[in-house]
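Q: So that you have it, the file is model_32.txt, and it contains compact mmCIF, C-alpha atoms and all ligand atoms:
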# COMPACT_ATOMS: atom_id res chain seq x y z
CA MET F 282 -24.92 46.05 -4.31
CA THR F 283 -26.00 42.44 -4.73
CA THR F 284 -26.62 40.22 -1.72
CA VAL F 285 -24.79 36.89 -1.57
CA PRO F 286 -27.36 34.07 -1.15
CA MET F 287 -27.45 32.76 2.44
CA GLU F 288 -26.67 29.21 1.19
CA PHE F 289 -23.14 30.42 0.45
CA ASP F 290 -22.54 31.94 3.86
CA PRO F 291 -19.73 30.04 5.69
CA ALA F 292 -21.67 29.96 9.01
CA GLN F 293 -24.74 28.57 7.21
CA ILE F 294 -22.62 25.95 5.45
CA GLU F 295 -21.10 24.83 8.72
CA ALA F 296 -24.54 24.65 10.38
CA LYS F 297 -25.75 22.43 7.52
CA SER F 298 -22.71 20.12 7.71
CA PRO F 299 -22.87 17.99 10.90
CA PRO F 300 -20.89 14.72 10.59
CA GLU F 301 -24.02 12.64 9.85
CA ALA F 302 -24.95 14.87 6.89
CA ARG F 303 -21.59 14.66 5.14
CA MET F 304 -20.92 12.61 2.03
CA TYR F 305 -18.73 9.51 2.42
CA ASN F 306 -18.84 9.99 6.18
CA ASP F 307 -17.47 6.70 7.30
CA ASP F 308 -15.02 5.44 9.87
CA MET F 309 -13.22 3.53 7.13
CA ALA F 310 -11.47 6.75 6.13
CA LYS F 311 -8.95 6.34 8.97
CA GLU F 312 -8.52 2.61 8.43
CA PRO F 313 -6.61 0.33 8.43
CA MET F 314 -4.22 2.11 10.86
CA LYS F 315 -6.99 3.13 13.29
CA SER F 316 -7.95 -0.41 14.27
CA ALA F 317 -4.38 -1.70 13.78
CA LEU F 318 -3.21 0.73 16.50
CA GLU F 319 -6.27 0.27 18.74
CA ASN F 320 -5.80 -3.48 18.78
CA ASN F 321 -1.97 -3.40 18.85
CA PRO F 322 -1.11 -0.27 20.89
CA GLU F 323 2.42 -1.52 21.54
CA ILE F 324 3.45 -0.98 17.91
CA TYR F 325 2.86 2.73 18.24
CA PHE F 326 3.73 3.60 21.81
CA VAL F 327 7.43 4.16 22.35
CA PRO F 328 8.07 4.67 26.09
CA PRO F 329 10.21 7.70 26.95
CA GLN F 330 13.76 6.65 27.73
CA ARG F 331 17.13 8.30 27.59
CA GLY F 332 19.19 7.64 24.48
CA SER F 333 21.65 5.44 26.39
CA GLU F 334 18.86 3.13 27.52
CA TRP F 335 18.04 2.09 23.97
CA GLY F 336 21.40 0.32 23.88
CA THR F 337 20.46 -2.35 26.42
CA TRP F 338 19.04 -4.86 24.05
CA GLU F 339 17.49 -8.16 24.94
CA PHE F 340 14.83 -10.11 23.11
CA LYS F 341 11.44 -9.51 24.72
CA PRO F 342 8.49 -11.52 23.44
CA GLY F 343 5.69 -9.14 22.50
CA SER F 344 7.93 -6.10 22.07
CA TYR F 345 7.93 -4.76 18.56
CA TYR F 346 11.43 -3.26 18.79
CA ASP F 347 13.35 -5.52 21.21
CA THR F 348 12.93 -8.35 18.74
CA THR F 349 15.17 -10.43 16.52
CA THR F 350 15.49 -11.75 12.99
CA GLY F 351 12.92 -14.15 11.52
CA SER F 352 15.31 -17.11 11.64
CA LYS F 353 15.77 -16.66 15.43
CA HIS F 354 12.26 -15.57 16.41
CA PRO F 355 10.25 -18.32 18.19
CA TYR F 356 7.05 -17.35 16.36
CA TRP F 357 8.59 -17.08 12.88
CA LYS F 358 11.59 -19.41 12.71
CA ASN F 359 9.76 -22.32 11.07
CA LYS F 360 7.68 -20.24 8.70
CA LYS F 361 10.13 -19.90 5.78
CA LEU F 362 10.35 -16.11 5.74
CA PRO F 363 12.22 -14.49 2.82
CA SER F 364 15.97 -14.89 2.72
CA PRO F 365 18.40 -13.35 0.19
CA THR F 366 18.09 -14.87 -3.28
CA LYS F 367 18.53 -14.04 -6.96
CA ASP F 368 15.76 -16.41 -8.07
CA ILE F 369 13.04 -14.25 -9.63
CA ASP F 370 10.26 -16.76 -8.98
CA GLN F 371 11.17 -16.97 -5.28
CA LEU F 372 11.32 -13.15 -5.10
CA ARG F 373 7.87 -12.88 -6.68
CA SER F 374 6.37 -15.34 -4.26
CA ASP F 375 8.09 -13.72 -1.22
CA LEU F 376 6.83 -10.26 -2.17
CA LEU F 377 3.29 -11.52 -2.71
CA LYS F 378 3.09 -13.65 0.42
CA TRP F 379 5.21 -11.75 2.96
CA GLY F 380 5.19 -8.21 1.56
CA TYR F 381 8.97 -8.15 1.12
CA CYS F 382 11.74 -9.97 -0.69
CA ILE F 383 15.53 -9.71 -0.50
CA ILE F 384 17.61 -9.58 -3.67
CA GLU F 385 21.04 -10.96 -2.96
CA ASN F 386 24.10 -9.08 -4.31
CA ALA F 387 21.94 -6.57 -6.18
CA ILE F 388 24.85 -4.13 -5.86
CA ALA F 389 28.46 -5.20 -6.34
CA THR F 390 30.86 -4.80 -3.40
CA ASN F 391 32.92 -1.97 -4.94
CA GLN F 392 29.78 0.08 -5.58
CA ILE F 393 28.63 -0.40 -2.01
CA GLU F 394 31.96 0.86 -0.66
CA ALA F 395 31.82 3.97 -2.83
CA MET F 396 28.26 4.67 -1.74
CA ARG F 397 29.04 4.17 1.95
CA LYS F 398 31.95 6.62 1.69
CA ARG F 399 29.80 9.22 -0.07
CA VAL F 400 26.97 8.89 2.48
CA LEU F 401 29.28 9.23 5.49
CA GLU F 402 31.11 12.22 3.98
CA GLN F 403 27.86 13.94 3.09
CA ALA F 404 26.45 13.28 6.57
CA GLU F 405 29.54 14.86 8.13
CA GLY F 406 29.39 17.79 5.69
CA GLU F 407 25.73 18.46 6.48
CA ARG F 408 26.50 18.34 10.21
CA GLN F 409 29.36 20.80 9.80
CA ALA F 410 27.16 23.06 7.68
CA ARG F 411 24.55 22.87 10.48
CA ILE F 412 21.87 21.67 8.08
CA ALA F 413 21.89 18.02 9.16
CA GLN F 414 18.42 16.50 9.08
CA LYS F 415 18.36 14.73 12.42
CA THR F 416 15.73 12.05 13.00
CA PRO F 417 14.74 10.26 16.22
CA SER F 418 16.78 7.30 14.86
CA GLY F 419 19.85 9.23 13.73
CA GLN F 420 20.30 11.31 10.60
CA ASN F 421 18.73 11.34 7.14
CA ILE F 422 20.24 12.67 3.96
CA ASN F 423 17.43 13.85 1.71
CA CYS F 424 17.43 14.57 -2.01
CA CYS F 425 20.48 12.37 -2.63
CA ILE F 426 20.15 12.96 -6.38
CA ASN F 427 22.07 16.21 -5.84
CA LYS F 428 24.75 14.64 -3.68
CA GLY F 429 26.70 12.16 -5.78
CA ARG F 430 26.71 10.63 -9.27
CA CYS F 431 26.27 7.12 -7.84
CA PHE F 432 22.79 8.14 -6.61
CA GLU F 433 21.67 9.04 -10.13
CA GLY F 434 22.52 5.46 -11.13
CA LEU F 435 20.74 4.08 -8.09
CA ILE F 436 17.50 5.83 -9.01
CA GLU F 437 17.85 4.71 -12.61
CA GLN F 438 18.67 1.14 -11.54
CA ASP F 439 21.56 1.52 -13.98
CA PRO F 440 23.30 -1.87 -14.20
CA SER F 441 26.70 -0.15 -13.95
CA ILE F 442 25.72 0.85 -10.39
CA VAL F 443 22.98 -1.67 -9.55
CA GLN F 444 23.83 -4.97 -11.21
CA GLY F 445 20.43 -6.35 -10.23
CA GLY F 446 18.67 -3.36 -11.84
CA PRO F 447 16.96 -5.26 -14.68
CA LEU F 448 15.47 -7.77 -12.23
CA ILE F 449 14.27 -4.98 -9.90
CA GLU F 450 12.64 -3.15 -12.81
CA GLN F 451 10.79 -6.29 -13.89
CA LEU F 452 9.39 -6.83 -10.38
CA MET F 453 8.46 -3.12 -10.11
CA THR F 454 6.57 -3.21 -13.39
CA GLU F 455 4.68 -6.32 -12.31
CA ALA F 456 3.76 -4.69 -8.97
CA LEU F 457 3.07 -1.10 -10.07
CA GLY F 458 2.23 -1.35 -13.76
CA PRO F 459 4.23 0.41 -16.49
CA ASP F 460 5.84 3.85 -16.30
CA TRP F 461 6.25 3.93 -12.52
CA ILE F 462 8.40 6.69 -11.02
CA CYS F 463 10.61 7.36 -8.00
CA THR F 464 9.10 9.19 -5.03
CA SER F 465 12.37 10.00 -3.22
CA LEU F 466 15.88 8.78 -2.49
CA ILE F 467 16.93 9.15 1.16
CA ALA F 468 19.95 7.81 3.04
CA ALA F 469 18.60 6.68 6.42
CA ILE F 470 21.35 6.53 9.03
CA SER F 471 20.52 4.85 12.31
CA LEU F 472 22.86 5.69 15.19
CA LYS F 473 23.41 4.27 18.67
CA GLY F 474 20.96 5.82 21.11
CA GLY F 475 18.36 6.38 18.42
CA VAL F 476 14.70 5.72 19.10
CA PRO F 477 12.82 2.96 17.22
CA GLN F 478 10.33 4.28 14.71
CA ALA F 479 6.62 3.56 15.19
CA LEU F 480 5.42 0.92 12.74
CA HIS F 481 3.67 2.48 9.76
CA GLN F 482 2.71 1.92 6.14
CA ASP F 483 4.59 3.91 3.48
CA GLN F 484 1.54 3.78 1.21
CA THR F 485 -1.28 5.93 2.58
CA ASP F 486 -3.72 5.58 -0.33
CA SER F 487 -5.63 2.67 -1.87
CA ALA F 488 -5.48 0.64 1.36
CA GLU F 489 -7.97 -1.92 0.12
CA ALA F 490 -6.44 -2.47 -3.30
CA LEU F 491 -5.20 -5.92 -4.24
CA LYS F 492 -1.80 -4.56 -5.20
CA PRO F 493 0.52 -1.80 -3.97
CA THR F 494 0.79 1.71 -5.42
CA LEU F 495 4.25 2.07 -3.84
CA VAL F 496 7.17 -0.33 -3.53
CA ASN F 497 10.21 0.72 -1.54
CA THR F 498 13.72 -0.51 -2.20
CA LEU F 499 16.00 -0.72 0.84
CA THR F 500 19.64 -0.94 -0.17
CA ALA F 501 21.74 -2.30 2.67
CA ILE F 502 25.01 -0.36 2.70
CA SER F 503 26.14 -2.37 5.71
CA ASP F 504 24.98 -5.80 6.90
CA ILE F 505 21.80 -5.27 8.89
CA ASP F 506 20.29 -7.44 11.60
CA GLN F 507 18.87 -7.29 15.14
CA ASN F 508 22.06 -5.70 16.52
CA ASN F 509 22.38 -2.61 14.37
CA GLY F 510 18.86 -1.49 13.63
CA GLY F 511 17.64 -3.92 11.02
CA THR F 512 14.32 -2.56 9.74
CA LEU F 513 11.43 -3.69 11.93
CA LEU F 514 8.61 -5.30 9.99
CA ILE F 515 5.61 -7.54 10.42
CA PRO F 516 5.77 -10.19 7.70
CA GLY F 517 2.51 -10.53 5.78
CA SER F 518 0.94 -7.40 7.32
CA HIS F 519 0.42 -5.86 3.86
CA ASP F 520 -2.11 -8.58 3.16
CA VAL F 521 -3.66 -8.64 6.66
CA LEU F 522 -4.39 -4.90 6.50
CA SER F 523 -5.71 -4.70 2.97
CA ARG F 524 -7.84 -7.81 3.44
CA ALA F 525 -9.45 -6.28 6.57
CA MET F 526 -10.24 -3.18 4.51
CA ARG F 527 -11.82 -5.19 1.70
CA GLU F 528 -13.89 -7.22 4.15
CA ARG F 529 -14.91 -4.04 6.03
CA ARG F 530 -13.76 -5.27 9.42
CA PRO F 531 -11.19 -3.97 11.93
CA VAL F 532 -7.59 -5.19 11.92
CA GLY F 533 -7.20 -7.64 14.82
CA LYS F 534 -4.18 -8.75 16.82
CA LEU F 535 -1.12 -8.77 14.59
CA PRO F 536 1.74 -11.27 14.62
CA PRO F 537 5.05 -10.05 16.12
CA ALA F 538 7.56 -7.82 14.34
CA ILE F 539 11.03 -9.01 13.35
CA ASN F 540 14.26 -7.26 12.42
CA LEU F 541 15.15 -7.50 8.76
CA GLU F 542 18.34 -9.47 8.21
CA ALA F 543 19.97 -8.38 4.97
CA PRO F 544 23.61 -8.50 3.89
CA ALA F 545 25.44 -5.44 2.55
CA GLY F 546 24.78 -5.16 -1.18
CA SER F 547 21.33 -6.71 -1.00
CA ILE F 548 18.24 -4.75 -1.99
CA THR F 549 15.03 -5.50 -0.11
CA LEU F 550 11.77 -4.68 -1.87
CA THR F 551 8.89 -3.84 0.46
CA ASP F 552 5.22 -3.63 -0.50
CA GLY F 553 4.05 -0.10 0.43
CA ARG F 554 1.33 -1.59 2.65
CA ILE F 555 3.61 -3.59 4.96
CA LEU F 556 3.94 -2.37 8.59
CA HIS F 557 7.56 -1.44 9.22
CA GLY F 558 9.84 1.08 10.96
CA THR F 559 13.49 1.83 11.69
CA GLY F 560 15.03 -0.48 14.28
CA ILE F 561 17.41 0.34 17.15
CA ASN F 562 21.12 0.43 16.46
CA HIS F 563 22.92 -1.13 19.43
CA THR F 564 26.38 -0.85 17.85
CA ASP F 565 28.86 2.00 17.52
CA GLU F 566 28.85 1.82 13.70
CA PRO F 567 26.28 3.84 11.73
CA ARG F 568 23.69 1.66 10.01
CA ILE F 569 23.01 2.97 6.50
CA VAL F 570 20.04 2.03 4.34
CA MET F 571 19.27 3.82 1.08
CA LEU F 572 15.50 4.27 0.81
CA ASN F 573 14.72 4.50 -2.89
CA SER F 574 10.98 4.28 -3.25
CA MET F 575 9.00 3.72 -6.45
CA GLN F 576 5.34 4.52 -7.03
CA THR F 577 2.64 4.75 -9.65
CA ASN F 578 3.06 7.85 -11.78
CA TRP F 579 -0.24 9.48 -10.79
CA LYS F 580 0.66 10.13 -7.17
CA ARG F 581 2.40 13.18 -5.76
CA GLN F 582 5.98 12.34 -4.94
CA GLN F 583 7.69 12.71 -1.56
CA GLU F 584 10.61 14.70 -2.97
CA ASN F 585 9.62 17.76 -4.98
CA TRP F 586 12.09 17.08 -7.79
CA MET F 587 10.51 19.81 -9.95
CA LEU F 588 12.11 22.40 -7.67
CA SER F 589 14.93 20.57 -5.96
CA VAL F 590 17.10 18.94 -8.62
CA ARG F 591 20.29 20.90 -9.34
CA PRO F 592 20.38 22.38 -12.87
CA GLU F 593 23.58 20.51 -13.78
CA VAL F 594 21.98 17.21 -12.73
CA LEU F 595 18.93 18.04 -14.87
CA GLU F 596 21.12 19.00 -17.84
CA ARG F 597 22.97 15.70 -17.84
CA ALA F 598 20.05 13.48 -16.79
CA SER F 599 19.21 10.67 -19.19
CA GLN F 600 15.68 10.45 -20.56
CA LYS F 601 15.17 7.49 -18.24
CA LEU F 602 16.25 9.40 -15.14
CA LEU F 603 14.03 12.35 -16.09
CA GLN F 604 11.01 10.09 -16.43
CA ARG F 605 11.80 8.39 -13.15
CA MET F 606 11.88 11.71 -11.29
CA GLY F 607 8.50 12.64 -12.78
CA PHE F 608 9.66 15.09 -15.44
CA GLN F 609 7.25 13.40 -17.88
CA ALA F 610 3.66 14.60 -17.57
CA THR F 611 0.63 12.45 -18.29
CA THR F 612 -2.84 13.69 -19.18
CA GLY F 613 -3.82 13.39 -15.52
CA SER F 614 -0.66 14.54 -13.76
CA GLN F 615 1.84 17.40 -13.85
CA THR F 616 0.74 19.01 -17.12
CA ASN F 617 2.52 22.33 -17.44
CA GLU F 618 0.44 25.14 -18.98
CA GLY F 619 -1.34 22.32 -20.78
CA HIS F 620 1.78 20.67 -22.13
CA GLY F 621 1.37 16.98 -21.44
CA PHE F 622 -2.26 16.38 -22.42
CA GLY F 623 -2.33 13.17 -24.41
CA ALA F 624 0.99 12.02 -22.96
CA GLN F 625 1.43 8.78 -21.06
CA GLY F 626 4.51 9.49 -18.94
CA LEU F 627 6.81 7.51 -21.20
CA ILE F 628 10.59 7.78 -21.27
CA GLY F 629 11.62 10.36 -23.87
CA GLU F 630 8.03 11.30 -24.73
CA GLN F 631 8.28 14.88 -25.99
CA ALA F 632 4.54 15.49 -25.65
CA GLY F 633 4.94 15.36 -21.87
CA ALA F 634 8.55 16.49 -21.34
CA LEU F 635 8.86 19.12 -18.58
CA ARG F 636 12.58 19.68 -18.19
CA ASP F 637 12.78 22.66 -20.55
CA PHE F 638 10.26 24.63 -18.50
CA ARG F 639 12.37 24.16 -15.34
CA LEU F 640 15.62 25.04 -17.12
CA ALA F 641 13.99 28.17 -18.58
CA ALA F 642 12.93 29.14 -15.06
CA ASP F 643 16.48 28.54 -13.80
CA ARG F 644 17.78 30.96 -16.44
CA GLY F 645 15.19 33.52 -15.38
CA GLU F 646 13.66 33.25 -18.84
CA TYR F 647 10.46 31.30 -18.25
CA LEU F 648 7.78 33.38 -19.98
CA ARG F 649 4.32 32.14 -18.96
CA VAL F 650 1.14 32.81 -20.88
CA GLY F 651 -0.89 35.42 -19.00
CA GLU F 652 -4.00 37.43 -19.76
CA LEU F 653 -4.61 37.79 -23.50
CA GLY F 654 -7.61 39.06 -25.47
CA PRO F 655 -8.69 40.61 -28.76
CA ASN F 656 -7.28 43.94 -27.67
CA SER F 657 -3.85 42.60 -26.75
CA SER F 658 -0.96 44.25 -28.56
CA GLN F 659 0.85 42.43 -31.34
CA GLN F 660 3.87 42.38 -29.04
CA ASP F 661 1.89 40.53 -26.35
CA LEU F 662 0.31 38.15 -28.86
CA GLN F 663 3.66 37.26 -30.41
CA ALA F 664 5.64 37.05 -27.17
CA PRO F 665 8.22 34.24 -27.01
CA PHE F 666 6.20 32.19 -24.54
CA THR F 667 8.21 29.23 -23.26
CA LEU F 668 5.18 27.01 -23.97
CA ARG F 669 5.43 27.98 -27.67
CA LYS F 670 9.02 26.79 -27.86
CA VAL F 671 8.47 23.57 -25.89
CA VAL F 672 5.48 22.62 -28.04
CA ALA F 673 7.34 23.48 -31.26
CA ASP F 674 10.31 21.39 -30.13
CA ALA F 675 7.96 18.52 -29.27
CA ARG F 676 6.29 18.67 -32.68
CA SER F 677 9.62 18.68 -34.50
CA GLY F 678 11.14 16.20 -32.06
CA GLY F 679 13.66 13.63 -33.21
CA ALA F 680 12.87 10.02 -34.03
CA SER F 681 13.66 9.03 -30.46
CA ALA F 682 11.09 11.43 -29.14
CA PRO F 683 7.61 9.98 -29.53
CA LEU F 684 4.64 12.32 -29.23
CA GLY F 685 1.92 11.02 -26.95
CA ILE F 686 -1.24 9.50 -28.28
CA GLY F 687 -3.28 12.37 -29.56
CA GLY F 688 -0.20 14.55 -29.24
CA ASN F 689 -2.41 17.60 -28.88
CA HIS F 690 -3.30 19.94 -26.08
CA GLU F 691 -7.02 19.42 -25.89
CA ILE F 692 -9.09 17.88 -23.18
CA GLY F 693 -12.78 17.03 -23.25
CA GLY F 694 -15.13 18.50 -20.71
FE FE F 701 8.60 3.90 6.02
Starting from the file, lay out its structure as structure tokens.

A:
Amino acid sequence: MTTVPMEFDPAQIEAKSPPEARMYNDDMAKEPMKSALENNPEIYFVPPQRGSEWGTWEFKPGSYYDTTTGSKHPYWKNKKLPSPTKDIDQLRSDLLKWGYCIIENAIATNQIEAMRKRVLEQAEGERQARIAQKTPSGQNINCCINKGRCFEGLIEQDPSIVQGGPLIEQLMTEALGPDWICTSLIAAISLKGGVPQALHQDQTDSAEALKPTLVNTLTAISDIDQNNGGTLLIPGSHDVLSRAMRERRPVGKLPPAINLEAPAGSITLTDGRILHGTGINHTDEPRIVMLNSMQTNWKRQQENWMLSVRPEVLERASQKLLQRMGFQATTGSQTNEGHGFGAQGLIGEQAGALRDFRLAADRGEYLRVGELGPNSSQQDLQAPFTLRKVVADARSGGASAPLGIGGNHEIGG
């Protein structure tokens, strides 16, 4: 019997790994939220109250949740915060400076009505089925892709559902670079008696980068403001936090939070680094915001679309929708048994297309490559591996199906 060297013994490893000996051991790992919360404890601490007490709203200076819209807030009212517009140059400058911008009438009125009806029916159905996903603020509907055709169009920014889609896509590409994807689509319903959410950043990586790796889109299904739970946010905090990180100093005292004021049909884009949270709904009507968040294509997504998307949705999905849900591998992400090396995550790129693996699994026919060797039987060597078929289809793909650069399955070492 051979003896395992003592350097590999877990107790030895632990003894040799005090905090000061570790690589990259640095307080910056928990920043910028660590100092943001230490120096602004009120944005995190939500005092315990009964649900009914959250309904007694009055503006309180210094409170992050009993606040008001930018146009009414004493600190912000003269600072020209973003207001709804269709002007792309204004939207660019709002997103850069304040960390959010509001696209007016991005969805036409009839589409909004249809979406509101679908969300409310689904919410009721999930409650009756006893699978409702309750949140401290109300109720969320997750994985909306499976719950209505209109949501497929919302994710795709299809102009027949989202008339402002082309403008949104342009801004996304400028912020995230090409071939960005969707991380999840959630209907966030805020109800009377709900608790305000602690302020947080949606983007938890790359805090010191000059640009976001995630941009959320908040579709207002009803008018939102200080009365019904307009999203709480601190204008400009995306820049304050990432600047502190770059300059290696703590985040200091932050300016006050406001409630987002956005009319039904508008889509608000938020930089993933901005501090925000769900507001308090003081009205009897549900406040509905569709959270449809986009990210760079190298990050893990919030929704695990690979497992969750219904087969019929996958079958009918356009190449664009597939790419947006992450069903296109790149060399560095989501390769499947090696399929995807050399691919760039492009729409319709056969060299990285993953749908056929999932559909084969759904049929119970996904045959994975296992242990093989010189003594394997001819039957094993010639098995109808799913990889074989996907690669063959990719190589013989139609004109609309570009192979990735390289288009092979090799990787250097
Ligand atoms: Fe969030």

Q: Enumerate, in order of chain and increasing residue number, the residues of chain F with an atom no farther than 7 Å from ligand FE 701 (chain F), each with its shortest atom pair and distance in Å to one decimal, counting all atoms listed in the file, as CSV.

A:
residue,atom,partner,partner_atom,distance
F:His481,CA,F:FE701,FE,6.3
F:Gln482,CA,F:FE701,FE,6.2
F:Asp483,CA,F:FE701,FE,4.7
F:His557,CA,F:FE701,FE,6.3
F:Gly558,CA,F:FE701,FE,5.8

Q: Would you please work out which residue, of F:Gly511, F:Gly613, F:Pro355, F:Gly607, is nearest to Pro342 of chain F when using only C-alpha atoms?

A: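 Ranked by minimum distance to Pro342 of chain F, first place goes to F:Pro355.
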
Q: Which one of F:Arg636, F:Lys492, F:Arg373, F:Arg568 sits closest to Gly621 of chain F if you count only C-alpha atoms?

A: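 Ranked by minimum distance to Gly621 of chain F, first place goes to F:Arg636.
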
Q: Within 7 Å of (21.1, 17.2, -7.6) (coordinates as in the file), grab all the protein and nucleic acid residues, counting all atoms listed in the file, and write them out as a list in words.

A: Cys425, Ile426, Asn427, Lys428, Val590, Arg591 and Val594 of chain F

Q: Please determine, counting only C-alpha atoms, which residue among F:Gln576, F:Asn617, F:Gln444, F:Thr549 has the shortest atom-to-atom distance to Pro363 of chain F.

A: F:Thr549
